[in-house]
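Next comes coords.tsv, a file with TSV, C-alpha atoms.
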```
chain	number	residue	atom	x	y	z
A	1	MET	CA	0.00	0.00	0.00
A	2	LYS	CA	1.36	3.41	-0.96
A	3	LYS	CA	1.97	6.05	1.64
A	4	SER	CA	-0.60	8.36	0.13
A	5	SER	CA	-3.32	5.75	0.50
A	6	TYR	CA	-3.20	5.41	4.26
A	7	ARG	CA	-1.30	8.33	5.79
A	8	ILE	CA	-4.26	10.73	5.93
A	9	PRO	CA	-6.82	8.21	7.35
A	10	LEU	CA	-4.24	6.97	9.87
A	11	PHE	CA	-3.44	10.50	10.96
A	12	CYS	CA	-7.15	11.28	11.41
A	13	ILE	CA	-7.62	8.17	13.58
A	14	VAL	CA	-4.62	9.10	15.74
A	15	THR	CA	-6.02	12.63	16.07
A	16	ILE	CA	-9.36	11.28	17.27
A	17	LEU	CA	-7.65	9.06	19.87
A	18	TYR	CA	-5.35	11.91	20.99
A	19	TRP	CA	-8.31	14.15	21.82
A	20	PHE	CA	-10.38	11.22	23.09
A	21	SER	CA	-7.67	10.51	25.66
A	22	MET	CA	-7.56	14.18	26.60
A	23	TYR	CA	-11.31	14.68	27.05
A	24	SER	CA	-12.86	11.42	28.30
A	25	TYR	CA	-12.82	12.63	31.90
A	26	VAL	CA	-13.31	16.37	31.30
A	27	PRO	CA	-17.12	16.45	31.94
A	28	ILE	CA	-16.66	15.03	35.44
A	29	LEU	CA	-13.24	16.46	36.33
A	30	SER	CA	-14.49	19.46	38.33
A	31	THR	CA	-17.21	17.49	40.16
A	32	TYR	CA	-14.77	14.62	40.80
A	33	ALA	CA	-12.31	17.09	42.30
A	34	GLU	CA	-15.13	18.53	44.42
A	35	SER	CA	-15.99	15.02	45.67
A	36	LEU	CA	-12.35	14.66	46.79
A	37	GLY	CA	-12.70	17.78	48.91
A	38	ALA	CA	-11.33	20.43	46.54
A	39	SER	CA	-12.50	24.03	47.06
A	40	TYR	CA	-13.64	26.20	44.12
A	41	LYS	CA	-10.16	27.74	44.11
A	42	MET	CA	-8.51	24.32	43.85
A	43	ILE	CA	-10.98	23.20	41.18
A	44	GLY	CA	-10.09	26.31	39.21
A	45	LEU	CA	-6.38	25.57	39.53
A	46	ILE	CA	-6.85	21.93	38.47
A	47	VAL	CA	-8.83	22.89	35.38
A	48	GLY	CA	-6.55	25.86	34.67
A	49	SER	CA	-3.30	23.93	35.03
A	50	TYR	CA	-4.04	22.41	31.61
A	51	GLY	CA	-3.65	25.87	30.11
A	52	PHE	CA	-0.73	26.94	32.31
A	53	THR	CA	1.68	24.30	31.01
A	54	GLN	CA	0.58	25.01	27.43
A	55	MET	CA	1.31	28.68	28.01
A	56	LEU	CA	4.89	27.79	28.93
A	57	LEU	CA	5.60	25.12	26.32
A	58	ARG	CA	3.69	25.81	23.10
A	59	VAL	CA	6.18	28.33	21.71
A	60	PRO	CA	9.37	26.41	22.64
A	61	LEU	CA	7.96	23.21	21.14
A	62	GLY	CA	6.90	25.05	17.99
A	63	ILE	CA	10.40	26.50	17.60
A	64	LEU	CA	12.08	23.16	18.33
A	65	SER	CA	9.83	21.41	15.80
A	66	ASP	CA	10.71	24.03	13.19
A	67	LYS	CA	14.41	23.82	14.01
A	68	ILE	CA	14.81	20.07	13.65
A	69	GLY	CA	12.24	19.84	10.86
A	70	LYS	CA	10.54	16.84	12.47
A	71	ARG	CA	6.92	16.52	13.62
A	72	LYS	CA	6.31	12.80	14.21
A	73	ILE	CA	8.42	12.59	17.38
A	74	PHE	CA	6.34	15.34	18.98
A	75	ILE	CA	3.12	13.58	18.01
A	76	ILE	CA	4.28	10.33	19.62
A	77	MET	CA	5.44	12.21	22.72
A	78	GLY	CA	2.13	14.06	23.01
A	79	ILE	CA	-0.10	11.00	22.92
A	80	ALA	CA	2.25	9.12	25.28
A	81	LEU	CA	1.82	11.95	27.79
A	82	CYS	CA	-1.97	11.73	27.36
A	83	PHE	CA	-1.75	8.11	28.45
A	84	MET	CA	0.51	8.89	31.42
A	85	SER	CA	-1.70	11.77	32.55
A	86	ALA	CA	-4.84	9.63	32.57
A	87	ILE	CA	-3.16	6.74	34.41
A	88	GLY	CA	-1.81	9.15	37.03
A	89	MET	CA	-5.23	10.66	37.76
A	90	TRP	CA	-6.71	7.18	38.07
A	91	ILE	CA	-4.08	5.95	40.55
A	92	PHE	CA	-3.62	9.03	42.75
A	93	LYS	CA	-6.96	10.14	44.17
A	94	THR	CA	-6.25	13.52	45.78
A	95	PRO	CA	-6.81	17.11	44.53
A	96	PHE	CA	-3.05	17.73	44.54
A	97	TRP	CA	-2.27	14.83	42.22
A	98	LEU	CA	-5.20	15.77	39.98
A	99	LEU	CA	-3.47	19.13	39.63
A	100	VAL	CA	-0.13	17.50	38.81
A	101	PHE	CA	-1.42	15.06	36.20
A	102	ARG	CA	-3.87	17.49	34.60
A	103	SER	CA	-0.85	19.77	34.17
A	104	LEU	CA	0.82	16.88	32.35
A	105	ALA	CA	-2.15	16.79	29.97
A	106	GLY	CA	-1.34	20.42	29.19
A	107	VAL	CA	2.19	19.36	28.28
A	108	ALA	CA	0.68	16.71	26.00
A	109	VAL	CA	-1.55	19.14	24.13
A	110	SER	CA	1.38	21.53	23.65
A	111	THR	CA	2.46	19.19	20.84
A	112	TRP	CA	-0.70	20.03	18.86
A	113	VAL	CA	1.27	22.50	16.74
A	114	ALA	CA	3.21	19.57	15.27
A	115	TYR	CA	-0.06	17.78	14.46
A	116	THR	CA	-1.46	20.68	12.46
A	117	VAL	CA	1.78	21.39	10.61
A	118	LEU	CA	2.46	17.75	9.65
A	119	PHE	CA	-1.11	17.14	8.52
A	120	SER	CA	-1.06	20.33	6.43
A	121	SER	CA	2.14	19.08	4.76
A	122	TYR	CA	0.14	16.20	3.23
A	123	PHE	CA	-1.73	18.77	1.12
A	124	ALA	CA	-0.73	21.30	-1.52
A	125	LEU	CA	0.05	24.77	-0.16
A	126	GLN	CA	-3.13	26.27	-1.58
A	127	GLU	CA	-5.14	23.56	0.21
A	128	ALA	CA	-3.92	24.57	3.70
A	129	PRO	CA	-7.38	25.89	4.77
A	130	LYS	CA	-8.89	22.57	3.66
A	131	ALA	CA	-6.34	20.65	5.74
A	132	ILE	CA	-7.02	22.76	8.83
A	133	GLY	CA	-10.76	22.27	8.37
A	134	ILE	CA	-10.40	18.50	8.13
A	135	ILE	CA	-8.12	18.18	11.16
A	136	ASN	CA	-10.37	20.45	13.23
A	137	SER	CA	-13.37	18.28	12.34
A	138	PHE	CA	-11.62	15.13	13.57
A	139	THR	CA	-10.53	17.03	16.68
A	140	THR	CA	-14.17	17.75	17.46
A	141	ILE	CA	-15.17	14.14	16.73
A	142	GLY	CA	-12.56	12.96	19.25
A	143	GLN	CA	-13.69	15.44	21.88
A	144	MET	CA	-17.40	14.79	21.39
A	145	SER	CA	-17.12	11.01	21.45
A	146	ALA	CA	-14.92	11.28	24.55
A	147	THR	CA	-17.33	13.44	26.53
A	148	LEU	CA	-20.34	11.35	25.51
A	149	ILE	CA	-18.81	7.94	26.23
A	150	GLY	CA	-17.06	9.30	29.31
A	151	GLY	CA	-20.36	10.46	30.76
A	152	TYR	CA	-21.88	7.01	30.41
A	153	ALA	CA	-18.76	5.34	31.82
A	154	ALA	CA	-18.88	7.63	34.86
A	155	GLN	CA	-22.58	6.88	35.39
A	156	TYR	CA	-22.31	3.09	35.25
A	157	PHE	CA	-18.75	2.38	36.40
A	158	GLY	CA	-17.92	5.36	38.60
A	159	GLN	CA	-16.24	8.67	37.78
A	160	ALA	CA	-12.72	7.26	38.13
A	161	SER	CA	-13.42	4.85	35.25
A	162	THR	CA	-13.19	7.78	32.83
A	163	PHE	CA	-9.45	7.97	33.49
A	164	VAL	CA	-9.10	4.30	32.51
A	165	LEU	CA	-11.10	5.00	29.36
A	166	ALA	CA	-8.78	7.88	28.52
A	167	ALA	CA	-5.70	5.73	29.15
A	168	VAL	CA	-6.95	2.99	26.83
A	169	GLY	CA	-7.61	5.52	24.08
A	170	GLY	CA	-4.16	7.02	24.60
A	171	LEU	CA	-2.44	3.64	24.48
A	172	ILE	CA	-4.13	2.64	21.21
A	173	GLY	CA	-3.32	6.04	19.75
A	174	LEU	CA	0.30	5.72	20.86
A	175	LEU	CA	0.71	2.38	19.07
A	176	LEU	CA	-0.86	3.72	15.87
A	177	SER	CA	1.19	6.93	15.99
A	178	LEU	CA	4.34	4.86	15.45
A	179	PHE	CA	3.17	4.30	11.85
A	180	ILE	CA	2.46	7.96	11.02
A	181	VAL	CA	4.30	9.11	7.90
A	182	GLU	CA	6.78	11.96	8.37
A	183	ASN	CA	6.79	14.20	5.31
A	184	ASN	CA	10.57	14.67	5.13
A	185	ASN	CA	10.57	16.64	1.89
A	186	VAL	CA	8.34	19.48	2.98
A	187	ASN	CA	10.99	21.17	5.12
A	188	ALA	CA	14.09	20.17	3.21
A	189	ASP	CA	15.09	23.73	2.30
A	190	ARG	CA	13.91	25.45	5.45
A	191	GLN	CA	16.13	27.30	7.87
A	192	PRO	CA	15.35	27.27	11.61
A	193	LEU	CA	13.95	30.49	12.99
A	194	THR	CA	16.35	32.82	14.78
A	195	LEU	CA	15.47	34.75	17.91
A	196	SER	CA	15.11	37.94	15.89
A	197	GLN	CA	12.65	36.22	13.55
A	198	LEU	CA	10.65	34.98	16.53
A	199	LEU	CA	10.50	38.50	17.93
A	200	SER	CA	9.34	39.83	14.59
A	201	VAL	CA	6.51	37.27	14.56
A	202	SER	CA	5.48	38.11	18.12
A	203	LYS	CA	5.36	41.83	17.29
A	204	ASP	CA	2.89	41.38	14.45
A	205	TYR	CA	-0.08	43.60	15.40
A	206	LYS	CA	-2.72	41.38	13.80
A	207	LEU	CA	-1.29	38.30	15.48
A	208	LEU	CA	-1.31	40.03	18.88
A	209	LEU	CA	-4.89	41.25	18.40
A	210	VAL	CA	-6.39	37.89	17.43
A	211	SER	CA	-4.31	36.11	20.08
A	212	GLY	CA	-5.68	38.47	22.72
A	213	LEU	CA	-9.23	37.81	21.54
A	214	ALA	CA	-8.51	34.08	21.63
A	215	ILE	CA	-7.59	34.50	25.31
A	216	VAL	CA	-11.13	35.75	25.92
A	217	VAL	CA	-12.68	32.80	24.05
A	218	GLN	CA	-10.68	30.22	25.99
A	219	PHE	CA	-11.24	32.11	29.25
A	220	ILE	CA	-15.00	31.70	28.83
A	221	ILE	CA	-14.92	28.10	27.57
A	222	PHE	CA	-12.64	26.80	30.33
A	223	ALA	CA	-14.41	28.77	33.04
A	224	THR	CA	-17.77	27.34	31.97
A	225	THR	CA	-17.98	24.23	29.75
A	226	TYR	CA	-14.77	22.61	31.02
A	227	GLY	CA	-14.82	24.27	34.42
A	228	PHE	CA	-17.82	25.25	36.51
A	229	THR	CA	-20.85	24.53	34.32
A	230	PRO	CA	-20.68	20.85	35.44
A	231	VAL	CA	-20.60	22.07	39.07
A	232	ALA	CA	-23.69	24.21	38.44
A	233	ALA	CA	-25.37	21.28	36.69
A	234	LYS	CA	-24.59	18.92	39.56
A	235	SER	CA	-26.14	21.40	42.00
A	236	ILE	CA	-29.48	21.12	40.16
A	237	GLY	CA	-29.36	17.31	40.16
A	238	ALA	CA	-27.61	16.40	36.90
A	239	SER	CA	-26.32	12.83	36.56
A	240	ASP	CA	-22.89	11.93	35.20
A	241	VAL	CA	-24.45	11.00	31.86
A	242	GLN	CA	-26.04	14.44	31.72
A	243	LEU	CA	-22.66	16.04	32.50
A	244	GLY	CA	-21.26	14.23	29.48
A	245	LEU	CA	-24.19	15.39	27.36
A	246	LEU	CA	-23.58	18.98	28.44
A	247	ALA	CA	-20.09	18.91	26.95
A	248	THR	CA	-21.35	17.06	23.87
A	249	PHE	CA	-24.12	19.58	23.21
A	250	SER	CA	-21.54	22.34	23.54
A	251	ALA	CA	-19.23	20.74	20.96
A	252	LEU	CA	-21.82	19.52	18.42
A	253	PRO	CA	-22.80	22.93	16.97
A	254	THR	CA	-19.11	23.80	16.74
A	255	VAL	CA	-18.64	21.12	14.05
A	256	PHE	CA	-21.09	22.85	11.72
A	257	THR	CA	-20.50	26.50	12.59
A	258	SER	CA	-16.72	26.07	12.35
A	259	ALA	CA	-17.07	24.95	8.74
A	260	ALA	CA	-19.64	27.62	7.94
A	261	SER	CA	-17.87	30.54	9.63
A	262	GLY	CA	-14.73	30.24	7.56
A	263	SER	CA	-16.53	29.71	4.27
A	264	PHE	CA	-19.81	31.24	3.15
A	265	LEU	CA	-20.66	33.14	6.37
A	266	ALA	CA	-17.36	35.04	6.48
A	267	LYS	CA	-17.55	35.74	2.74
A	268	ARG	CA	-21.14	36.96	2.93
A	269	TYR	CA	-21.08	38.90	6.20
A	270	SER	CA	-17.32	39.47	6.75
A	271	GLU	CA	-14.99	37.87	9.29
A	272	LYS	CA	-15.35	40.87	11.59
A	273	LYS	CA	-19.15	40.61	11.85
A	274	MET	CA	-19.00	36.87	12.48
A	275	ILE	CA	-16.47	37.32	15.29
A	276	VAL	CA	-18.53	40.08	16.93
A	277	ILE	CA	-21.73	38.02	16.71
A	278	GLY	CA	-19.90	34.99	18.10
A	279	PHE	CA	-18.68	36.93	21.14
A	280	ILE	CA	-22.18	38.26	21.83
A	281	ILE	CA	-23.52	34.70	21.73
A	282	LEU	CA	-20.80	33.56	24.15
A	283	PHE	CA	-21.67	36.43	26.49
A	284	ALA	CA	-25.38	35.56	26.54
A	285	ALA	CA	-24.86	31.80	26.91
A	286	CYS	CA	-22.51	32.32	29.86
A	287	ALA	CA	-24.59	34.95	31.65
A	288	VAL	CA	-27.69	32.75	31.94
A	289	ILE	CA	-25.99	29.65	33.38
A	290	PRO	CA	-26.33	30.42	37.13
A	291	PHE	CA	-30.03	31.29	36.71
A	292	ILE	CA	-31.02	28.04	34.97
A	293	LYS	CA	-32.60	25.40	37.20
A	294	ASN	CA	-33.53	22.88	34.51
A	295	ILE	CA	-30.97	20.57	32.91
A	296	TYR	CA	-32.66	20.71	29.50
A	297	LEU	CA	-32.46	24.50	29.43
A	298	LEU	CA	-28.81	24.14	30.38
A	299	TYR	CA	-28.35	21.86	27.36
A	300	ILE	CA	-29.78	24.60	25.15
A	301	SER	CA	-27.54	27.29	26.65
A	302	GLN	CA	-24.48	25.12	26.09
A	303	ALA	CA	-25.46	24.43	22.48
A	304	ILE	CA	-25.95	28.16	21.86
A	305	GLY	CA	-22.55	28.82	23.41
A	306	GLY	CA	-21.09	26.19	21.07
A	307	ILE	CA	-22.44	28.13	18.10
A	308	GLY	CA	-20.64	31.24	19.33
A	309	ARG	CA	-17.44	29.31	19.85
A	310	GLY	CA	-17.67	27.81	16.36
A	311	LEU	CA	-18.11	31.25	14.82
A	312	VAL	CA	-15.19	32.90	16.61
A	313	TYR	CA	-12.38	30.41	17.12
A	314	PRO	CA	-11.70	29.14	13.55
A	315	LEU	CA	-11.68	32.70	12.22
A	316	LEU	CA	-9.21	33.84	14.87
A	317	MET	CA	-7.01	30.84	14.11
A	318	ALA	CA	-7.05	31.63	10.39
A	319	LEU	CA	-6.32	35.31	11.00
A	320	SER	CA	-3.36	34.42	13.25
A	321	ILE	CA	-1.29	33.14	10.31
A	322	LYS	CA	-2.87	35.13	7.49
A	323	SER	CA	-0.23	37.86	7.49
A	324	VAL	CA	2.74	35.61	8.39
A	325	GLU	CA	5.05	34.12	5.76
A	326	ASN	CA	4.91	30.36	5.34
A	327	SER	CA	8.30	29.57	6.90
A	328	LYS	CA	7.21	31.20	10.16
A	329	ARG	CA	3.69	29.84	10.37
A	330	ALA	CA	4.42	26.96	12.76
A	331	THR	CA	5.97	29.39	15.24
A	332	ALA	CA	3.19	31.93	14.67
A	333	MET	CA	0.60	29.24	15.35
A	334	GLY	CA	2.57	28.15	18.42
A	335	PHE	CA	2.64	31.75	19.62
A	336	PHE	CA	-1.12	32.10	19.01
A	337	GLN	CA	-1.88	28.89	20.90
A	338	ALA	CA	0.51	29.77	23.74
A	339	ILE	CA	-1.18	33.15	24.14
A	340	TYR	CA	-4.70	31.74	24.16
A	341	SER	CA	-3.52	29.19	26.73
A	342	ILE	CA	-3.45	32.15	29.11
A	343	GLY	CA	-7.24	32.12	28.89
A	344	MET	CA	-7.38	28.40	29.63
A	345	PHE	CA	-5.47	29.07	32.83
A	346	LEU	CA	-7.00	32.37	33.92
A	347	GLY	CA	-10.62	31.47	33.13
A	348	PRO	CA	-11.18	28.63	35.62
A	349	THR	CA	-8.65	30.07	38.10
A	350	PHE	CA	-10.34	33.49	38.19
A	351	THR	CA	-13.83	31.99	38.33
A	352	GLY	CA	-12.80	29.63	41.12
A	353	PHE	CA	-11.39	32.44	43.27
A	354	VAL	CA	-14.39	34.71	42.65
A	355	SER	CA	-16.79	31.86	43.40
A	356	ASP	CA	-15.07	31.12	46.72
A	357	VAL	CA	-15.05	34.80	47.76
A	358	LEU	CA	-18.45	35.87	46.41
A	359	SER	CA	-20.50	33.09	44.84
A	360	LEU	CA	-20.60	30.84	41.80
A	361	THR	CA	-23.24	33.15	40.30
A	362	TRP	CA	-20.83	36.08	40.37
A	363	GLY	CA	-18.15	33.88	38.82
A	364	PHE	CA	-20.36	33.24	35.79
A	365	VAL	CA	-21.60	36.83	35.51
A	366	LEU	CA	-18.12	38.37	35.56
A	367	THR	CA	-16.92	35.80	33.04
A	368	ALA	CA	-19.83	36.70	30.76
A	369	VAL	CA	-18.88	40.39	30.89
A	370	LEU	CA	-15.54	39.46	29.34
A	371	GLY	CA	-17.40	38.04	26.35
A	372	LEU	CA	-19.12	41.39	25.86
A	373	ALA	CA	-15.72	43.09	26.04
A	374	GLY	CA	-14.49	40.71	23.31
A	375	ALA	CA	-17.35	41.79	21.05
A	376	LEU	CA	-16.58	45.50	21.60
A	377	ILE	CA	-12.83	45.06	20.99
A	378	SER	CA	-13.52	43.06	17.81
A	379	ALA	CA	-15.93	45.69	16.51
A	380	ARG	CA	-13.41	48.45	17.16
A	381	PHE	CA	-10.07	46.98	16.12
A	382	ILE	CA	-10.56	44.17	13.58
A	383	LYS	CA	-10.26	45.60	10.08
```
Entire entry expressed as structure tokens:
Amino acid sequence: MKKSSYRIPLFCIVTILYWFSMYSYVPILSTYAESLGASYKMIGLIVGSYGFTQMLLRVPLGILSDKIGKRKIFIIMGIALCFMSAIGMWIFKTPFWLLVFRSLAGVAVSTWVAYTVLFSSYFALQEAPKAIGIINSFTTIGQMSATLIGGYAAQYFGQASTFVLAAVGGLIGLLLSLFIVENNNVNADRQPLTLSQLLSVSKDYKLLLVSGLAIVVQFIIFATTYGFTPVAAKSIGASDVQLGLLATFSALPTVFTSAASGSFLAKRYSEKKMIVIGFIILFAACAVIPFIKNIYLLYISQAIGGIGRGLVYPLLMALSIKSVENSKRATAMGFFQAIYSIGMFLGPTFTGFVSDVLSLTWGFVLTAVLGLAGALISARFIK
């Protein structure tokens, strides 16, 4: 069998398993931590640690990957760390060790830059948007299947079983990743980035603007969907299956709106309008969470929030590399993802501290206000 006949399907399967391993336990992570005695502050730190390690490592890994011209080794390392993270959280049942091993998951996802760059290398240069669209779709499939199956596993086998599920997915993905095809020719004439080139990338105004807006998006998502929305749902009597469905309903609309936002919607209404509308939707979906007392209404709010996320995030990702020359795009994407990792860390951490000091309601309301700020900044500064 020729390389071209299996490398793309294999890569897509590994991508699904990579994200499956990362997200199988996410719907129950905050409530599981709470059951172990964690305060809102500690829950926020556990959820946010995933973003903290990404914030530190995304750029260095992007530069290192560019320098050596290899991607496969980072992919193998990333999915191996997914497996180790899940096993660690299953074995060590204390809030502190949850913090440690969820941080390790952040290290694992820091290799995502290598995934996107290697997969894009399988396509012609002019087909880069198509490649990103395909890989993002399989990312969402992995995340959705993980949260859905994880919810049922938690319901029938206990919440800790989700870590075993994640470990199994990671192990299978690790074995398959050994057969991924490295496209050695794509970077044959490339020169590693120098420090001055990195600084020039990081000073790009458009890159800084969209990266800052991405912080807001991730702040909201990780404060709510992957942070304290499950805690709010549990307080109104949601089961573990329903916690899994919450995350699934949040991700499902993203599959369709992500594809639409970067194609006919952006062309018809402009990227700027779509981003502004997306932020307004995120604001509204977040603001209503603490006032909902019915799980089915919470499903609807999460689905609406997923629409907003699907409108905003792919457009910001595309804009992050639009003005950057091809040889610097891996580092630019690493910079973009490192910057938005700040939101992954600050979102749940801020909301946890506010919720401990004031109340969970105030945590959601103040987080929602940030979404409104994102809409205003987008309307004013995106050209």
Set the distance at 12 Å and use all atoms listed in the file: which residues neighbour Gly212 of chain A once local chain neighbours fewer than 6 positions away are removed? I'd like the list as a list in words. Tyr205, Lys206, Gln218, Phe219, Tyr313, Leu316, Met317, Ser320, Phe335, Phe336, Gln337, Ala338, Ile339, Tyr340, Ser341, Ile342, Gly343, Leu370, Ala373, Gly374, Ile377, Ser378, Phe381 and Ile382 of chain A
Which residue, A:Leu29, A:Ile76, A:Ile134, A:Leu298, has the smallest gap to Leu98 of chain A when you use only C-alpha atoms? A:Leu29
Which residue of A:Phe138, A:Tyr18, A:Trp362, A:Phe256 approaches Met77 of chain A most closely, using all atoms listed in the file: A:Tyr18
Quick one: of A:Tyr25, A:Tyr296, A:Phe279, A:Trp19, who's nearest to Ala154 of chain A, counting all atoms listed in the file?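 Looking at the shortest contact to Ala154 of chain A, the residue is A:Tyr25.
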In the coordinate frame of the file, compute which residues have an atom within 12 Å of (-16.0, 28.2, 30.6) when using all atoms listed in the file, and state them as JSON, numbers by chain. {"A": [27, 30, 44, 47, 48, 215, 216, 217, 218, 219, 220, 221, 222, 223, 224, 225, 226, 227, 228, 229, 230, 231, 232, 247, 250, 282, 283, 285, 286, 287, 289, 302, 305, 306, 309, 343, 344, 345, 346, 347, 348, 349, 350, 351, 352, 363, 364, 365, 366, 367, 368, 370, 371]}
From the list A:Leu319, A:Ala124, A:Leu311, A:Cys82, which residue is nearest Ala166 of chain A when using all atoms listed in the file?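 Checking each of A:Leu319, A:Ala124, A:Leu311, A:Cys82 against Ala166 of chain A, counting all atoms listed in the file, the winner is A:Cys82.
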Smallest atom-to-atom distance to Gly51 of chain A: which of A:Ser235, A:Ser103, A:Ser121, A:Ser35, using all atoms listed in the file?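 Smallest distance to Gly51 of chain A is found for A:Ser103.
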Nearest to Ile277 of chain A among A:Ala238, A:Ala379, A:Val255, A:Val181, with distances taken over all atoms listed in the file: which residue is it? A:Ala379
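Atom pair atom CA of Asn183 of chain A / atom CA of Ala131 of chain A has a distance of 14.6 Å (rounded to one decimal).
For the pair atom CA of Trp112 of chain A and atom CA of Ile75 of chain A, the interatomic distance is 7.5 Å.
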To one decimal place, how far is atom CA of Leu243 of chain A from atom CA of Tyr50 of chain A in Å?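 Separation of atom CA of Leu243 of chain A and atom CA of Tyr50 of chain A: 19.7 Å.
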Nearby residues (only C-alpha atoms) at most 12 Å from Gln155 of chain A, same-chain spacing under 6 positions excluded, as a VMD selection string: chain A and resid 25 27 to 28 148 to 149 161 to 162 238 to 245
For the residues selected in the previous step, produce a file with C-alpha atoms as a tab-separated table (two decimals), in the coordinates of the input.
```tsv
chain	number	residue	atom	x	y	z
A	25	TYR	CA	-12.82	12.63	31.90
A	27	PRO	CA	-17.12	16.45	31.94
A	28	ILE	CA	-16.66	15.03	35.44
A	148	LEU	CA	-20.34	11.35	25.51
A	149	ILE	CA	-18.81	7.94	26.23
A	161	SER	CA	-13.42	4.85	35.25
A	162	THR	CA	-13.19	7.78	32.83
A	238	ALA	CA	-27.61	16.40	36.90
A	239	SER	CA	-26.32	12.83	36.56
A	240	ASP	CA	-22.89	11.93	35.20
A	241	VAL	CA	-24.45	11.00	31.86
A	242	GLN	CA	-26.04	14.44	31.72
A	243	LEU	CA	-22.66	16.04	32.50
A	244	GLY	CA	-21.26	14.23	29.48
A	245	LEU	CA	-24.19	15.39	27.36
```
List the neighbours of Ala251 of chain A out to 8 Å using only C-alpha atoms; skip same-chain residues closer than 6 positions along the sequence, and give me the result as a VMD selection string. chain A and resid 140 143 to 144 303 306
